[in-house]
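Worksheet for the structure shown next.
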Amino acid sequence: MIETIKYKGNIGFYLYQFIYRLYRIIKYERLSDEDYLKKHFKKMQDYELNLDNPKTLNEKIQWLKIHDRSDFHSLLADKYGVRDYVKKEFGEDLLIPLIHVTSNYKDINIDLFPEYPCIIKATHDSGSYLIIKDKKEINLEKLILDCRWWLKRNYYLVDREWQYKNIEPRIVIEKLLLTKEGKIPNDFKLNVINGKVEFIYVSIDREGKNKRNIYSIDWNPLHFTWAVKSKDIAHLRGEEINPPSTLAQMIEIAERIGKYFAYVRVDFYDVDGKLYFGEVTQHHGGGFDQIRPLEMDYKYGELLDLKKSS
């Protein structure tokens, strides 16, 4: 696999970086934001993107990518920078304990990691992280190379989400949230449309089957999916769960953040009744994940009034 090249010392790392950049330039980066979004949208959604008269939620998310941009949006997309905002607006108690932050991969060493479980991740993109249950099992050489690569990425180029373009690349180490049973807690993703939470997407059993249930704010099951295009999309839902005890607080905070956006997703964790802020996601799945059945894409698209975008 070509990705293994980057673990072959400095030469391998730079060779992989060159190949990756060349591939991105040839296939994607030569396109304007609008042309790229139209091309990729058709591939992922199976219908044409209409930016002149968007109707579905996913179409309107693409429209927002191009037309709704601000430095404040970049601040909230920065997984380190957003901490100050959350602390000021909602209190430090909501923040996951921070162990270390750096913008230099050379700072990463075994002594930074605590004896308890933690997570190391990039603050300027999505999906770059490593869960560490036991520091004795860390492959430090590989982890340093991963951090080096994370710091080189500009996530804006992946899905053309402008808010990521100018975020300072950093690496953070945080305490890993675990329930009293020793499991990673469910991830509650509150989807806010024009300032109101319309539905809650829950990632369940993230270390196991990773099911995804969707609920109304009254915790009634909503039987649709919003996930990457897949033949197995109908099997995503897991067993029903009870609402978290902190649901009302989640909704209040999400709607206070949501007033600055036409659409936004605000994520939380409930750890045995203790609420933690997760992150702010301005375009769920980059607007490329499929909503099925398709009529639900139109339903929530109709609710989203683009005239109210900032």
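Ordered as shown in the structure tokens, chains take letters A, B, and onward, while each chain numbers its residues from 1 and ligands are numbered from 1 in the order shown.
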Distance query Asn242 in chain A at most 12 Å, only C-alpha atoms, self and fewer than 3 positions along chain excluded, as a PDB file with C-alpha atoms, in the first residue's frame:
```pdb
ATOM      1  CA  ASN A 186     -21.842   7.767  23.066  1.00  0.00           C
ATOM      2  CA  VAL A 202     -26.058   9.479  18.097  1.00  0.00           C
ATOM      3  CA  ILE A 204     -23.370   4.357  19.730  1.00  0.00           C
ATOM      4  CA  ASN A 213     -29.414   6.278  15.773  1.00  0.00           C
ATOM      5  CA  TYR A 215     -33.857  11.036  17.399  1.00  0.00           C
ATOM      6  CA  ASP A 218     -38.379  14.683  22.274  1.00  0.00           C
ATOM      7  CA  TRP A 219     -36.373  11.482  21.824  1.00  0.00           C
ATOM      8  CA  ASN A 220     -38.691   9.854  19.356  1.00  0.00           C
ATOM      9  CA  PRO A 221     -36.794   7.576  16.922  1.00  0.00           C
ATOM     10  CA  GLU A 239     -30.823  -0.798  19.722  1.00  0.00           C
ATOM     11  CA  SER A 245     -29.685  13.126  31.548  1.00  0.00           C
ATOM     12  CA  THR A 246     -27.934  16.225  30.169  1.00  0.00           C
ATOM     13  CA  LEU A 247     -30.078  16.462  27.009  1.00  0.00           C
ATOM     14  CA  ASP A 270     -22.498  12.456  28.474  1.00  0.00           C
TER      15      ASP A 270
END
```
List every residue of range 26-84 of chain A that has an atom at most 7 Å from any atom of range 282-303 of chain A, and for each one report the closest atom pair and its distance in Å to one decimal, counting only C-alpha atoms, with rows sorted by chain and then by increasing residue number, as a Markdown table.
```
| residue | atom | partner | partner_atom | distance |
| --- | --- | --- | --- | --- |
| A:Phe41 | CA | A:Phe288 | CA | 6.1 |
| A:Met44 | CA | A:Phe288 | CA | 5.8 |
| A:Gln45 | CA | A:Gln290 | CA | 5.9 |
| A:Lys55 | CA | A:Gly301 | CA | 5.7 |
| A:Thr56 | CA | A:Gly301 | CA | 4.1 |
| A:Leu57 | CA | A:Gly301 | CA | 3.7 |
| A:Asn58 | CA | A:Gly287 | CA | 4.9 |
| A:Lys60 | CA | A:Gly301 | CA | 6.8 |
| A:Ile61 | CA | A:Gly287 | CA | 5.6 |
| A:Gln62 | CA | A:Gly287 | CA | 6.2 |
```
message: Show me, as a VMD selection string, the residues that have an atom within 10 Å of Lys307 in chain A when counting only C-alpha atoms, minus same-chain residues fewer than 2 positions from it.
response: chain A and resid 194 262 304 to 305 309 to 310
message: Give me the residues near Leu130 in chain A as a PyMOL selection string, where near means some atom within 9 Å (using only C-alpha atoms) and where sequence neighbours in that chain fewer than 2 positions away do not count.
response: chain A and resi 118-121+128+132+143
For Tyr156 in chain A, the nearest of the candidates A:Ile66, A:Ile11, A:Ile193, A:Leu222, counting only C-alpha atoms: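 Answer, going by the shortest atom-to-atom distance: A:Ile66.
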Find the residues near Lys27 in chain A: any atom within 12 Å, counting only C-alpha atoms, skip ones fewer than 6 places away on the same chain, and give them as a CSV table (one decimal) with N, CA and C atoms, in the first residue's frame.
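Heads up, here's the output in out_1.csv:
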```
chain,number,residue,atom,x,y,z
A,20,TYR,N,1.2,12.3,-2.9
A,20,TYR,CA,-0.1,12.7,-2.5
A,20,TYR,C,-0.5,14.1,-3.1
A,21,ARG,N,0.5,15.0,-3.0
A,21,ARG,CA,0.2,16.4,-3.5
A,21,ARG,C,0.0,16.4,-5.0
A,35,ASP,N,-16.7,23.8,-9.0
A,35,ASP,CA,-16.6,22.7,-9.9
A,35,ASP,C,-16.3,21.4,-9.2
A,36,TYR,N,-15.4,21.5,-8.2
A,36,TYR,CA,-15.1,20.4,-7.4
A,36,TYR,C,-16.3,19.8,-6.6
A,39,LYS,N,-18.8,18.1,-9.0
A,39,LYS,CA,-18.2,16.8,-9.5
A,39,LYS,C,-18.3,15.7,-8.4
A,40,HIS,N,-17.9,16.1,-7.2
A,40,HIS,CA,-17.8,15.1,-6.1
A,40,HIS,C,-19.2,14.8,-5.6
A,157,LEU,N,-8.7,21.3,1.5
A,157,LEU,CA,-8.6,20.7,0.2
A,157,LEU,C,-9.4,19.4,0.1
A,158,VAL,N,-9.8,18.8,1.2
A,158,VAL,CA,-10.5,17.5,1.1
A,158,VAL,C,-11.9,17.7,0.6
```
Strand (DSSP E or B) positions in range 1-102 of chain A, given as a compact mmCIF listing (two decimals) with C-alpha atoms, in the first residue's frame:
```txt
# COMPACT_ATOMS: atom_id res chain seq x y z
CA LEU A 98 -6.11 19.07 28.11
CA ILE A 99 -2.73 17.40 28.67
CA HIS A 100 -0.52 18.99 26.02
CA VAL A 101 -0.63 21.13 22.88
CA THR A 102 2.10 21.68 20.29
```
task: Would you please work out which residue, of A:Glu137, A:Asp272, A:Glu174, A:Asp125, is nearest to Arg153 in chain A when using only C-alpha atoms?
output: A:Asp125
- request: Run DSSP on the backbone and give me the residues of range 209-255 of chain A it puts in alpha helix (DSSP H), as a PyMOL selection string.
  value: chain A and resi 247-255
task: Give me the residues within 10 Å of Leu177 in chain A as a list in words, counting only C-alpha atoms and dropping any in the same chain fewer than 5 places off.
output: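 Here the answer would be Ile96, Pro97, Pro117, Cys118, Ile119, Gly182, Lys183, Ile184, Pro185, Tyr269, Asp270, Val271 and Tyr276 of chain A.
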If you keep C-alpha atoms, can you produce a file of those selected residues as a CSV table (one decimal), in the first residue's frame?
```
chain,number,residue,atom,x,y,z
A,96,ILE,CA,-12.3,17.7,28.1
A,97,PRO,CA,-9.1,17.9,30.2
A,117,PRO,CA,-6.0,6.6,28.8
A,118,CYS,CA,-5.7,9.6,26.5
A,119,ILE,CA,-6.3,10.6,22.9
A,182,GLY,CA,-14.5,1.7,30.9
A,183,LYS,CA,-16.2,2.4,27.5
A,184,ILE,CA,-15.9,5.4,25.2
A,185,PRO,CA,-19.2,7.3,25.7
A,269,TYR,CA,-20.5,13.5,25.4
A,270,ASP,CA,-22.5,12.5,28.5
A,271,VAL,CA,-20.2,10.5,30.8
A,276,TYR,CA,-18.6,17.5,28.0
```
